[in-house]
Amino acid sequence: MRYIAINEQQQLSFDEVEKPVIGDDECLIKVRAIGVNRADILQKQGSYPPPPGESTILGIEACGELVAIGEQQSSWSIGDKVFAIVPGGAYAQYVKVKTAHLIKLPENFTYAQGAAMAEVFLTAYQCLFTIANLQPKAKVLIHAGASGVGTAAIQLAKYLNCTVTVTVGNEDKADACKALGADDAINYQQTDFVDWAKQKAQNFDVILDVVAGEYVNKNISVCALDGHIVMLSMLGGRFAENIDVAKMLVKRVNIHATTLRSRSNDYKTKLINAFIDDFYQCLEIGSISPVIYKQYSWQEVEVAHHVMLNNENIGKIVLTIDEQC
């Protein structure tokens with residue numbers, strides 16, 4: 001099969017490799033579309049390797065059709081259209097996935113929409129519900145609101161009638177977040193979100209943070225009593241200086257750090273099943289859906305990565321694989 005390889009100069013090109021061999025608890029997907037994630041770029045740069053024993057090929061989410069099915073299952077059939085998260089290997093014509101991690105592609109979804117779903121919605125669901133125990137009508141702050149995870153989190157939080165505030169880098173992103181339901185959008189290029197919160201006399205029950213660095217203290221400042229801060233990336237740096245522990249104690253702040261890729265298969269299975277139980281019907285009726293910024297042929301993968309590195313995208317970037325492949 002063809003796949004996208006990385007050379008020593010961190011450049012991407014096509015190469016050939018054998019198709020993955022599946023186990024009894026796995027299936028093989030013929031990939032039609034691939035979700036692009038910042039994890040792909042970090043792995044390409046050598047700073048985010050796949051979990052031990054997993055495929056070293058880039059890509060952590062894919063959508064397509066089942067072409068082979070392991071023996072330990074009874075509910076799937078060859079030809080079923082599915083999407084899934086994988087620990088690696090999605091930048092290829094075929095990718096293997098744990099059968100328990102498959103999600104049926106809704107009939108109203110395209111392959112591109114399926115590829116844009118799994119990683120960001122499962123991550124947002126994990127942060128908001130599994131970790132932060134989001135309650136109806138809570139006040140939620142989402143940093144990088146126009147990102148893939150951000151656009152997913154807005155929709156999930158608004159489903160519970162929460163008040164949602166986002167931080168974004170420009171007015172186009174602010175408008176896009178408000179169109180998804182965000183109540184307020186703070187352009188961090190113009191306004192400090194701590195100052196904004198003080199002026200509004202508003203603290204937040206749940207804060208999703210992909211920045212870290214100096215944002216750690218700022219998040220503590222705007223966190224509500226018994227609030228939850230969930231950190232899932234560190235775009236602003238891995239170290240945070242002079243953490244105000246006294247303020248954390250007074251507010252009884254809960255700070256969590258999480259990733260999804262390195263979680264156990266059992267954890268991912270439970271998370272996927274919970275998301276399906278709570279939100280799959282919303283996918284079917286279209287009340288929540290992925291936001292796709294742009295689709296590129298997988299031959300344009302370098303362009304797609306450049307767009308993400310420049311933070312140009314609102315929502316997801318998707319690679320599509322030609323039918324003849």
# chains A, B, ... in the order shown; residues from 1 in each chain; ligands from 1
$ residues_around --residues "Lys139 of chain A" --least-positions-apart "4" --cutoff "6 Å" --atoms "only C-alpha atoms" --output "ChimeraX atom specification"
/A:162-163,204-205
$ write_last_selection --atoms "C-alpha atoms" --output "mmCIF file, in the first residue's frame"
data_model
loop_
_atom_site.group_PDB
_atom_site.id
_atom_site.type_symbol
_atom_site.label_atom_id
_atom_site.label_comp_id
_atom_site.auth_asym_id
_atom_site.auth_seq_id
_atom_site.Cartn_x
_atom_site.Cartn_y
_atom_site.Cartn_z
ATOM 1 C CA CYS A 162 -23.816 26.138 29.193
ATOM 2 C CA THR A 163 -22.549 29.691 28.888
ATOM 3 C CA PHE A 204 -15.571 29.763 34.964
ATOM 4 C CA ASP A 205 -16.608 26.337 36.182
#
$ residues_around --residues "Tyr188 of chain A" --least-positions-apart "5" --cutoff "8 Å" --atoms "only C-alpha atoms" --output "compact mmCIF listing (two decimals) with N, CA and C atoms, in the first residue's frame"
# COMPACT_ATOMS: atom_id res chain seq x y z
N THR A 167 -11.47 32.04 23.65
CA THR A 167 -10.42 32.97 23.24
C THR A 167 -9.99 32.58 21.83
N VAL A 168 -9.74 33.59 21.00
CA VAL A 168 -9.38 33.38 19.60
C VAL A 168 -8.36 34.43 19.19
N GLY A 169 -7.76 34.23 17.99
CA GLY A 169 -6.70 35.12 17.55
C GLY A 169 -7.12 36.20 16.57
N PHE A 193 -7.81 37.97 28.68
CA PHE A 193 -9.04 37.33 29.14
C PHE A 193 -9.23 37.46 30.66
$ residues_around --residues "Ala146 of chain A" --least-positions-apart "6" --cutoff "10 Å" --atoms "only C-alpha atoms" --output "mmCIF file with all heavy atoms, in the first residue's frame"
data_model
loop_
_atom_site.group_PDB
_atom_site.id
_atom_site.type_symbol
_atom_site.label_atom_id
_atom_site.label_comp_id
_atom_site.auth_asym_id
_atom_site.auth_seq_id
_atom_site.Cartn_x
_atom_site.Cartn_y
_atom_site.Cartn_z
ATOM 1 N N ALA A 152 -15.516 21.632 18.547
ATOM 2 C CA ALA A 152 -16.273 20.492 19.076
ATOM 3 C C ALA A 152 -16.770 20.784 20.486
ATOM 4 O O ALA A 152 -17.934 20.522 20.826
ATOM 5 C CB ALA A 152 -15.403 19.233 19.064
ATOM 6 N N ALA A 153 -15.886 21.344 21.321
ATOM 7 C CA ALA A 153 -16.248 21.615 22.711
ATOM 8 C C ALA A 153 -17.369 22.642 22.813
ATOM 9 O O ALA A 153 -18.243 22.533 23.684
ATOM 10 C CB ALA A 153 -15.018 22.088 23.484
ATOM 11 N N ILE A 154 -17.364 23.646 21.950
ATOM 12 C CA ILE A 154 -18.455 24.629 21.944
ATOM 13 C C ILE A 154 -19.795 23.925 21.773
ATOM 14 O O ILE A 154 -20.755 24.151 22.520
ATOM 15 C CB ILE A 154 -18.262 25.675 20.832
ATOM 16 C CG1 ILE A 154 -17.058 26.568 21.118
ATOM 17 C CG2 ILE A 154 -19.526 26.541 20.676
ATOM 18 C CD1 ILE A 154 -16.648 27.435 19.930
ATOM 19 N N VAL A 166 -14.969 31.891 24.584
ATOM 20 C CA VAL A 166 -13.776 31.365 23.912
ATOM 21 C C VAL A 166 -12.733 32.457 23.775
ATOM 22 O O VAL A 166 -13.057 33.653 23.787
ATOM 23 C CB VAL A 166 -14.114 30.799 22.504
ATOM 24 C CG1 VAL A 166 -15.108 29.655 22.605
ATOM 25 C CG2 VAL A 166 -14.644 31.896 21.578
ATOM 26 N N THR A 167 -11.475 32.044 23.655
ATOM 27 C CA THR A 167 -10.424 32.965 23.237
ATOM 28 C C THR A 167 -9.994 32.578 21.833
ATOM 29 O O THR A 167 -9.904 31.388 21.505
ATOM 30 C CB THR A 167 -9.214 32.937 24.184
ATOM 31 O OG1 THR A 167 -8.635 31.629 24.186
ATOM 32 C CG2 THR A 167 -9.622 33.320 25.590
ATOM 33 N N VAL A 168 -9.742 33.588 21.001
ATOM 34 C CA VAL A 168 -9.377 33.378 19.604
ATOM 35 C C VAL A 168 -8.359 34.431 19.186
ATOM 36 O O VAL A 168 -8.143 35.414 19.893
ATOM 37 C CB VAL A 168 -10.612 33.466 18.673
ATOM 38 C CG1 VAL A 168 -11.606 32.334 18.952
ATOM 39 C CG2 VAL A 168 -11.308 34.821 18.842
ATOM 40 N N GLY A 169 -7.756 34.232 17.992
ATOM 41 C CA GLY A 169 -6.701 35.125 17.547
ATOM 42 C C GLY A 169 -7.117 36.199 16.567
ATOM 43 O O GLY A 169 -6.338 37.114 16.289
ATOM 44 N N ASN A 170 -8.338 36.132 16.029
ATOM 45 C CA ASN A 170 -8.803 37.175 15.114
ATOM 46 C C ASN A 170 -10.320 37.201 15.071
ATOM 47 O O ASN A 170 -10.998 36.311 15.612
ATOM 48 C CB ASN A 170 -8.203 37.003 13.710
ATOM 49 C CG ASN A 170 -8.573 35.682 13.058
ATOM 50 O OD1 ASN A 170 -9.752 35.314 12.968
ATOM 51 N ND2 ASN A 170 -7.564 34.939 12.586
ATOM 52 N N ASP A 172 -12.418 36.885 12.515
ATOM 53 C CA ASP A 172 -13.063 35.826 11.733
ATOM 54 C C ASP A 172 -13.304 34.599 12.593
ATOM 55 O O ASP A 172 -14.361 33.958 12.520
ATOM 56 C CB ASP A 172 -12.208 35.453 10.515
ATOM 57 C CG ASP A 172 -12.237 36.516 9.434
ATOM 58 O OD1 ASP A 172 -13.158 37.367 9.456
ATOM 59 O OD2 ASP A 172 -11.349 36.508 8.559
ATOM 60 N N LYS A 173 -12.314 34.261 13.413
ATOM 61 C CA LYS A 173 -12.465 33.115 14.305
ATOM 62 C C LYS A 173 -13.510 33.397 15.382
ATOM 63 O O LYS A 173 -14.274 32.503 15.766
ATOM 64 C CB LYS A 173 -11.121 32.747 14.920
ATOM 65 C CG LYS A 173 -10.129 32.179 13.907
ATOM 66 C CD LYS A 173 -8.827 31.754 14.558
ATOM 67 C CE LYS A 173 -7.897 31.109 13.519
ATOM 68 N NZ LYS A 173 -6.626 30.632 14.135
ATOM 69 N N ALA A 174 -13.558 34.629 15.849
ATOM 70 C CA ALA A 174 -14.575 35.005 16.830
ATOM 71 C C ALA A 174 -15.973 34.826 16.247
ATOM 72 O O ALA A 174 -16.870 34.264 16.893
ATOM 73 C CB ALA A 174 -14.366 36.447 17.279
ATOM 74 N N ASP A 175 -16.162 35.301 15.025
ATOM 75 C CA ASP A 175 -17.472 35.170 14.375
ATOM 76 C C ASP A 175 -17.851 33.709 14.173
ATOM 77 O O ASP A 175 -19.017 33.320 14.359
ATOM 78 C CB ASP A 175 -17.460 35.897 13.029
ATOM 79 C CG ASP A 175 -17.360 37.412 13.171
ATOM 80 O OD1 ASP A 175 -17.642 37.915 14.275
ATOM 81 O OD2 ASP A 175 -16.986 38.069 12.179
ATOM 82 N N ALA A 176 -16.867 32.889 13.787
ATOM 83 C CA ALA A 176 -17.143 31.467 13.566
ATOM 84 C C ALA A 176 -17.568 30.781 14.863
ATOM 85 O O ALA A 176 -18.491 29.963 14.870
ATOM 86 C CB ALA A 176 -15.914 30.780 12.979
ATOM 87 N N CYS A 177 -16.913 31.116 15.959
ATOM 88 C CA CYS A 177 -17.263 30.511 17.241
ATOM 89 C C CYS A 177 -18.656 30.948 17.696
ATOM 90 O O CYS A 177 -19.431 30.142 18.221
ATOM 91 C CB CYS A 177 -16.224 30.879 18.297
ATOM 92 S SG CYS A 177 -14.622 30.087 18.058
ATOM 93 N N LYS A 178 -18.980 32.211 17.484
ATOM 94 C CA LYS A 178 -20.316 32.685 17.849
ATOM 95 C C LYS A 178 -21.387 32.021 16.991
ATOM 96 O O LYS A 178 -22.488 31.721 17.473
ATOM 97 C CB LYS A 178 -20.380 34.201 17.713
ATOM 98 C CG LYS A 178 -19.604 34.943 18.795
ATOM 99 C CD LYS A 178 -19.714 36.447 18.645
ATOM 100 C CE LYS A 178 -18.982 37.171 19.761
ATOM 101 N NZ LYS A 178 -19.055 38.655 19.601
ATOM 102 N N LEU A 180 -21.309 29.050 16.040
ATOM 103 C CA LEU A 180 -21.497 27.714 16.610
ATOM 104 C C LEU A 180 -22.256 27.743 17.930
ATOM 105 O O LEU A 180 -22.659 26.692 18.433
ATOM 106 C CB LEU A 180 -20.144 27.038 16.829
ATOM 107 C CG LEU A 180 -19.429 26.506 15.591
ATOM 108 C CD1 LEU A 180 -18.032 26.040 15.969
ATOM 109 C CD2 LEU A 180 -20.207 25.376 14.940
ATOM 110 N N ALA A 185 -16.675 35.858 22.612
ATOM 111 C CA ALA A 185 -15.392 35.508 22.008
ATOM 112 C C ALA A 185 -14.406 36.636 22.291
ATOM 113 O O ALA A 185 -14.646 37.785 21.925
ATOM 114 C CB ALA A 185 -15.549 35.287 20.507
ATOM 115 N N VAL A 291 -16.631 20.884 12.151
ATOM 116 C CA VAL A 291 -16.376 22.072 11.340
ATOM 117 C C VAL A 291 -15.127 21.792 10.503
ATOM 118 O O VAL A 291 -14.057 21.538 11.045
ATOM 119 C CB VAL A 291 -16.154 23.310 12.228
ATOM 120 C CG1 VAL A 291 -15.768 24.520 11.373
ATOM 121 C CG2 VAL A 291 -17.410 23.602 13.045
ATOM 122 N N ASN A 311 -1.753 28.432 12.072
ATOM 123 C CA ASN A 311 -3.010 28.678 12.784
ATOM 124 C C ASN A 311 -4.052 29.373 11.916
ATOM 125 O O ASN A 311 -4.831 30.210 12.398
ATOM 126 C CB ASN A 311 -2.753 29.511 14.056
ATOM 127 C CG ASN A 311 -1.925 28.768 15.084
ATOM 128 O OD1 ASN A 311 -2.130 27.581 15.303
ATOM 129 N ND2 ASN A 311 -0.983 29.458 15.695
ATOM 130 N N GLU A 312 -4.074 29.031 10.638
ATOM 131 C CA GLU A 312 -5.036 29.650 9.733
ATOM 132 C C GLU A 312 -6.419 29.030 9.841
ATOM 133 O O GLU A 312 -7.427 29.667 9.525
ATOM 134 C CB GLU A 312 -4.549 29.507 8.283
ATOM 135 C CG GLU A 312 -3.230 30.195 7.987
ATOM 136 C CD GLU A 312 -2.723 29.880 6.591
ATOM 137 O OE1 GLU A 312 -3.548 29.539 5.722
ATOM 138 O OE2 GLU A 312 -1.497 29.952 6.363
ATOM 139 N N ASN A 313 -6.482 27.778 10.261
ATOM 140 C CA ASN A 313 -7.723 27.022 10.149
ATOM 141 C C ASN A 313 -8.734 27.374 11.230
ATOM 142 O O ASN A 313 -8.393 27.689 12.367
ATOM 143 C CB ASN A 313 -7.433 25.520 10.206
ATOM 144 C CG ASN A 313 -6.642 25.097 11.422
ATOM 145 O OD1 ASN A 313 -5.511 25.544 11.629
ATOM 146 N ND2 ASN A 313 -7.238 24.237 12.236
ATOM 147 N N ILE A 314 -9.992 27.308 10.843
ATOM 148 C CA ILE A 314 -11.133 27.345 11.753
ATOM 149 C C ILE A 314 -11.763 25.962 11.683
ATOM 150 O O ILE A 314 -12.379 25.595 10.685
ATOM 151 C CB ILE A 314 -12.149 28.428 11.349
ATOM 152 C CG1 ILE A 314 -11.512 29.819 11.450
ATOM 153 C CG2 ILE A 314 -13.401 28.342 12.205
ATOM 154 C CD1 ILE A 314 -12.376 30.932 10.885
ATOM 155 N N GLY A 315 -11.571 25.167 12.731
ATOM 156 C CA GLY A 315 -12.022 23.779 12.681
ATOM 157 C C GLY A 315 -10.952 22.872 12.092
ATOM 158 O O GLY A 315 -9.747 23.136 12.189
ATOM 159 N N LYS A 316 -11.400 21.822 11.429
ATOM 160 C CA LYS A 316 -10.523 20.731 11.020
ATOM 161 C C LYS A 316 -9.994 20.884 9.595
ATOM 162 O O LYS A 316 -10.656 21.443 8.723
ATOM 163 C CB LYS A 316 -11.282 19.400 11.095
ATOM 164 C CG LYS A 316 -11.577 18.949 12.500
ATOM 165 C CD LYS A 316 -10.338 18.454 13.224
ATOM 166 C CE LYS A 316 -9.830 17.153 12.640
ATOM 167 N NZ LYS A 316 -8.689 16.612 13.401
#
$ atom_distance --atom1 "atom CA of Ala212 of chain A" --atom2 "atom CA of Val230 of chain A"
10.0 Å
$ select_by_dssp --residues "segment 94-247 of chain A" --states "strand (DSSP E or B)" --output "number ranges by chain"
A: 94-98, 103-104, 139-142, 163-168, 184-187, 204-209, 223-231
$ closest_atom_pairs --of "segment 9-113 of chain A" --to "segment 250-261 of chain A" --cutoff "12 Å" --atoms "only C-alpha atoms" --output "Markdown table"
| residue | atom | partner | partner_atom | distance |
| --- | --- | --- | --- | --- |
| A:Asn37 | CA | A:Arg261 | CA | 11.6 |
| A:Ala39 | CA | A:Arg261 | CA | 9.3 |
| A:Asp40 | CA | A:Arg261 | CA | 11.5 |
| A:Tyr48 | CA | A:Arg261 | CA | 10.3 |
| A:Pro49 | CA | A:Arg261 | CA | 10.3 |
| A:Pro50 | CA | A:Arg261 | CA | 8.0 |
| A:Pro51 | CA | A:Arg261 | CA | 7.7 |
| A:Pro52 | CA | A:Arg261 | CA | 11.4 |
| A:Glu54 | CA | A:Arg261 | CA | 10.8 |
| A:Gly59 | CA | A:Arg261 | CA | 10.8 |
| A:Ile60 | CA | A:Arg261 | CA | 7.8 |
| A:Glu61 | CA | A:Arg261 | CA | 10.4 |
| A:Ile85 | CA | A:Arg261 | CA | 8.4 |
| A:Val86 | CA | A:Arg261 | CA | 7.8 |
| A:Pro87 | CA | A:Arg261 | CA | 5.7 |
| A:Gly88 | CA | A:Arg261 | CA | 8.8 |
$ residues_around --residues "Ala240 of chain A" --least-positions-apart "4" --cutoff "7 Å" --atoms "only C-alpha atoms" --output "ChimeraX atom specification"
/A:213-214,216
$ closest_residue --among "A:Val97, A:Gln43, A:Ala62, A:Ala90" --to "Leu28 of chain A" --atoms "only C-alpha atoms"
A:Val97
$ residues_around --residues "segment 103-107 of chain A" --least-positions-apart "2" --cutoff "7 Å" --atoms "only C-alpha atoms" --output "list of chain:residue names"
A:Lys81, A:Val82, A:Phe83, A:Ala84, A:His101, A:Phe109, A:Gly114, A:Leu283, A:Glu284
$ residues_around --residues "segment 17-21 of chain A" --least-positions-apart "3" --cutoff "12 Å" --atoms "only C-alpha atoms" --output "JSON, numbers by chain"
{"A": [1, 2, 3, 4, 5, 14, 24, 25, 26, 27, 28, 29, 30, 31, 54, 55, 56, 57, 67, 68, 69, 70, 88, 89, 90, 91, 92, 93, 94, 95, 96, 97]}
$ select_by_dssp --residues "segment 17-54 of chain A" --states "helix (DSSP H, G or I)" --output "VMD selection string"
chain A and resid 38 to 44
$ atom_distance --atom1 "atom CA of Asp192 of chain A" --atom2 "atom CA of Leu235 of chain A"
17.2 Å
$ closest_residue --among "A:Ala144, A:Leu102, A:Met117, A:Ile220" --to "Ser233 of chain A" --atoms "only C-alpha atoms"
A:Ala144
$ residues_around --residues "Lys218 of chain A" --least-positions-apart "2" --cutoff "12 Å" --atoms "only C-alpha atoms" --output "PyMOL selection string"
chain A and resi 141+143+192-198+203-204+207+209+211-216+220-223+229+240-244+247-248
$ atom_distance --atom1 "atom CA of Ile288 of chain A" --atom2 "atom CA of Gln73 of chain A"
29.1 Å
$ closest_residue --among "A:Asp277, A:Asp266, A:Asp322, A:Glu171" --to "Gln189 of chain A" --atoms "only C-alpha atoms"
A:Glu171
$ decode --residues "segment 143-155 of chain A" --atoms "all heavy atoms" --output "PDB file, in the first residue's frame"
ATOM      1  N   HIS A 143     -10.086  27.892  25.461  1.00  0.00           N
ATOM      2  CA  HIS A 143      -8.999  28.557  24.747  1.00  0.00           C
ATOM      3  C   HIS A 143      -8.842  27.913  23.371  1.00  0.00           C
ATOM      4  O   HIS A 143      -9.111  26.726  23.180  1.00  0.00           O
ATOM      5  CB  HIS A 143      -7.701  28.461  25.534  1.00  0.00           C
ATOM      6  CG  HIS A 143      -7.720  29.224  26.818  1.00  0.00           C
ATOM      7  ND1 HIS A 143      -7.956  30.583  26.862  1.00  0.00           N
ATOM      8  CD2 HIS A 143      -7.558  28.829  28.111  1.00  0.00           C
ATOM      9  CE1 HIS A 143      -7.912  30.993  28.118  1.00  0.00           C
ATOM     10  NE2 HIS A 143      -7.675  29.949  28.901  1.00  0.00           N
ATOM     11  N   ALA A 144      -8.402  28.721  22.384  1.00  0.00           N
ATOM     12  CA  ALA A 144      -8.323  28.263  20.991  1.00  0.00           C
ATOM     13  C   ALA A 144      -9.686  27.738  20.545  1.00  0.00           C
ATOM     14  O   ALA A 144      -9.818  26.629  20.050  1.00  0.00           O
ATOM     15  CB  ALA A 144      -7.242  27.195  20.816  1.00  0.00           C
ATOM     16  N   GLY A 145     -10.678  28.581  20.726  1.00  0.00           N
ATOM     17  CA  GLY A 145     -12.048  28.173  20.436  1.00  0.00           C
ATOM     18  C   GLY A 145     -12.297  27.787  18.996  1.00  0.00           C
ATOM     19  O   GLY A 145     -13.220  27.019  18.708  1.00  0.00           O
ATOM     20  N   ALA A 146     -11.491  28.303  18.064  1.00  0.00           N
ATOM     21  CA  ALA A 146     -11.696  28.009  16.645  1.00  0.00           C
ATOM     22  C   ALA A 146     -10.921  26.787  16.180  1.00  0.00           C
ATOM     23  O   ALA A 146     -10.977  26.426  15.009  1.00  0.00           O
ATOM     24  CB  ALA A 146     -11.306  29.212  15.792  1.00  0.00           C
ATOM     25  N   SER A 147     -10.207  26.136  17.083  1.00  0.00           N
ATOM     26  CA  SER A 147      -9.488  24.911  16.723  1.00  0.00           C
ATOM     27  C   SER A 147     -10.476  23.758  16.562  1.00  0.00           C
ATOM     28  O   SER A 147     -11.669  23.894  16.837  1.00  0.00           O
ATOM     29  CB  SER A 147      -8.475  24.559  17.819  1.00  0.00           C
ATOM     30  OG  SER A 147      -9.150  24.221  19.025  1.00  0.00           O
ATOM     31  N   GLY A 148      -9.964  22.612  16.128  1.00  0.00           N
ATOM     32  CA  GLY A 148     -10.833  21.451  15.993  1.00  0.00           C
ATOM     33  C   GLY A 148     -11.466  21.067  17.311  1.00  0.00           C
ATOM     34  O   GLY A 148     -12.702  20.883  17.408  1.00  0.00           O
ATOM     35  N   VAL A 149     -10.656  20.931  18.367  1.00  0.00           N
ATOM     36  CA  VAL A 149     -11.197  20.596  19.687  1.00  0.00           C
ATOM     37  C   VAL A 149     -12.099  21.715  20.183  1.00  0.00           C
ATOM     38  O   VAL A 149     -13.164  21.459  20.768  1.00  0.00           O
ATOM     39  CB  VAL A 149     -10.065  20.323  20.692  1.00  0.00           C
ATOM     40  CG1 VAL A 149     -10.617  20.163  22.104  1.00  0.00           C
ATOM     41  CG2 VAL A 149      -9.285  19.068  20.301  1.00  0.00           C
ATOM     42  N   GLY A 150     -11.702  22.955  19.943  1.00  0.00           N
ATOM     43  CA  GLY A 150     -12.505  24.083  20.388  1.00  0.00           C
ATOM     44  C   GLY A 150     -13.889  24.100  19.772  1.00  0.00           C
ATOM     45  O   GLY A 150     -14.894  24.274  20.479  1.00  0.00           O
ATOM     46  N   THR A 151     -13.967  23.918  18.460  1.00  0.00           N
ATOM     47  CA  THR A 151     -15.278  23.942  17.790  1.00  0.00           C
ATOM     48  C   THR A 151     -16.141  22.767  18.233  1.00  0.00           C
ATOM     49  O   THR A 151     -17.372  22.883  18.294  1.00  0.00           O
ATOM     50  CB  THR A 151     -15.110  23.930  16.266  1.00  0.00           C
ATOM     51  OG1 THR A 151     -14.300  22.806  15.865  1.00  0.00           O
ATOM     52  CG2 THR A 151     -14.467  25.217  15.774  1.00  0.00           C
ATOM     53  N   ALA A 152     -15.516  21.632  18.547  1.00  0.00           N
ATOM     54  CA  ALA A 152     -16.273  20.492  19.076  1.00  0.00           C
ATOM     55  C   ALA A 152     -16.770  20.784  20.486  1.00  0.00           C
ATOM     56  O   ALA A 152     -17.934  20.522  20.826  1.00  0.00           O
ATOM     57  CB  ALA A 152     -15.403  19.233  19.064  1.00  0.00           C
ATOM     58  N   ALA A 153     -15.886  21.344  21.321  1.00  0.00           N
ATOM     59  CA  ALA A 153     -16.248  21.615  22.711  1.00  0.00           C
ATOM     60  C   ALA A 153     -17.369  22.642  22.813  1.00  0.00           C
ATOM     61  O   ALA A 153     -18.243  22.533  23.684  1.00  0.00           O
ATOM     62  CB  ALA A 153     -15.018  22.088  23.484  1.00  0.00           C
ATOM     63  N   ILE A 154     -17.364  23.646  21.950  1.00  0.00           N
ATOM     64  CA  ILE A 154     -18.455  24.629  21.944  1.00  0.00           C
ATOM     65  C   ILE A 154     -19.795  23.925  21.773  1.00  0.00           C
ATOM     66  O   ILE A 154     -20.755  24.151  22.520  1.00  0.00           O
ATOM     67  CB  ILE A 154     -18.262  25.675  20.832  1.00  0.00           C
ATOM     68  CG1 ILE A 154     -17.058  26.568  21.118  1.00  0.00           C
ATOM     69  CG2 ILE A 154     -19.526  26.541  20.676  1.00  0.00           C
ATOM     70  CD1 ILE A 154     -16.648  27.435  19.930  1.00  0.00           C
ATOM     71  N   GLN A 155     -19.857  23.052  20.783  1.00  0.00           N
ATOM     72  CA  GLN A 155     -21.121  22.379  20.483  1.00  0.00           C
ATOM     73  C   GLN A 155     -21.570  21.464  21.616  1.00  0.00           C
ATOM     74  O   GLN A 155     -22.757  21.428  21.966  1.00  0.00           O
ATOM     75  CB  GLN A 155     -20.979  21.583  19.186  1.00  0.00           C
ATOM     76  CG  GLN A 155     -20.741  22.457  17.968  1.00  0.00           C
ATOM     77  CD  GLN A 155     -20.577  21.627  16.707  1.00  0.00           C
ATOM     78  OE1 GLN A 155     -21.523  21.018  16.215  1.00  0.00           O
ATOM     79  NE2 GLN A 155     -19.357  21.584  16.191  1.00  0.00           N
TER      80      GLN A 155
END
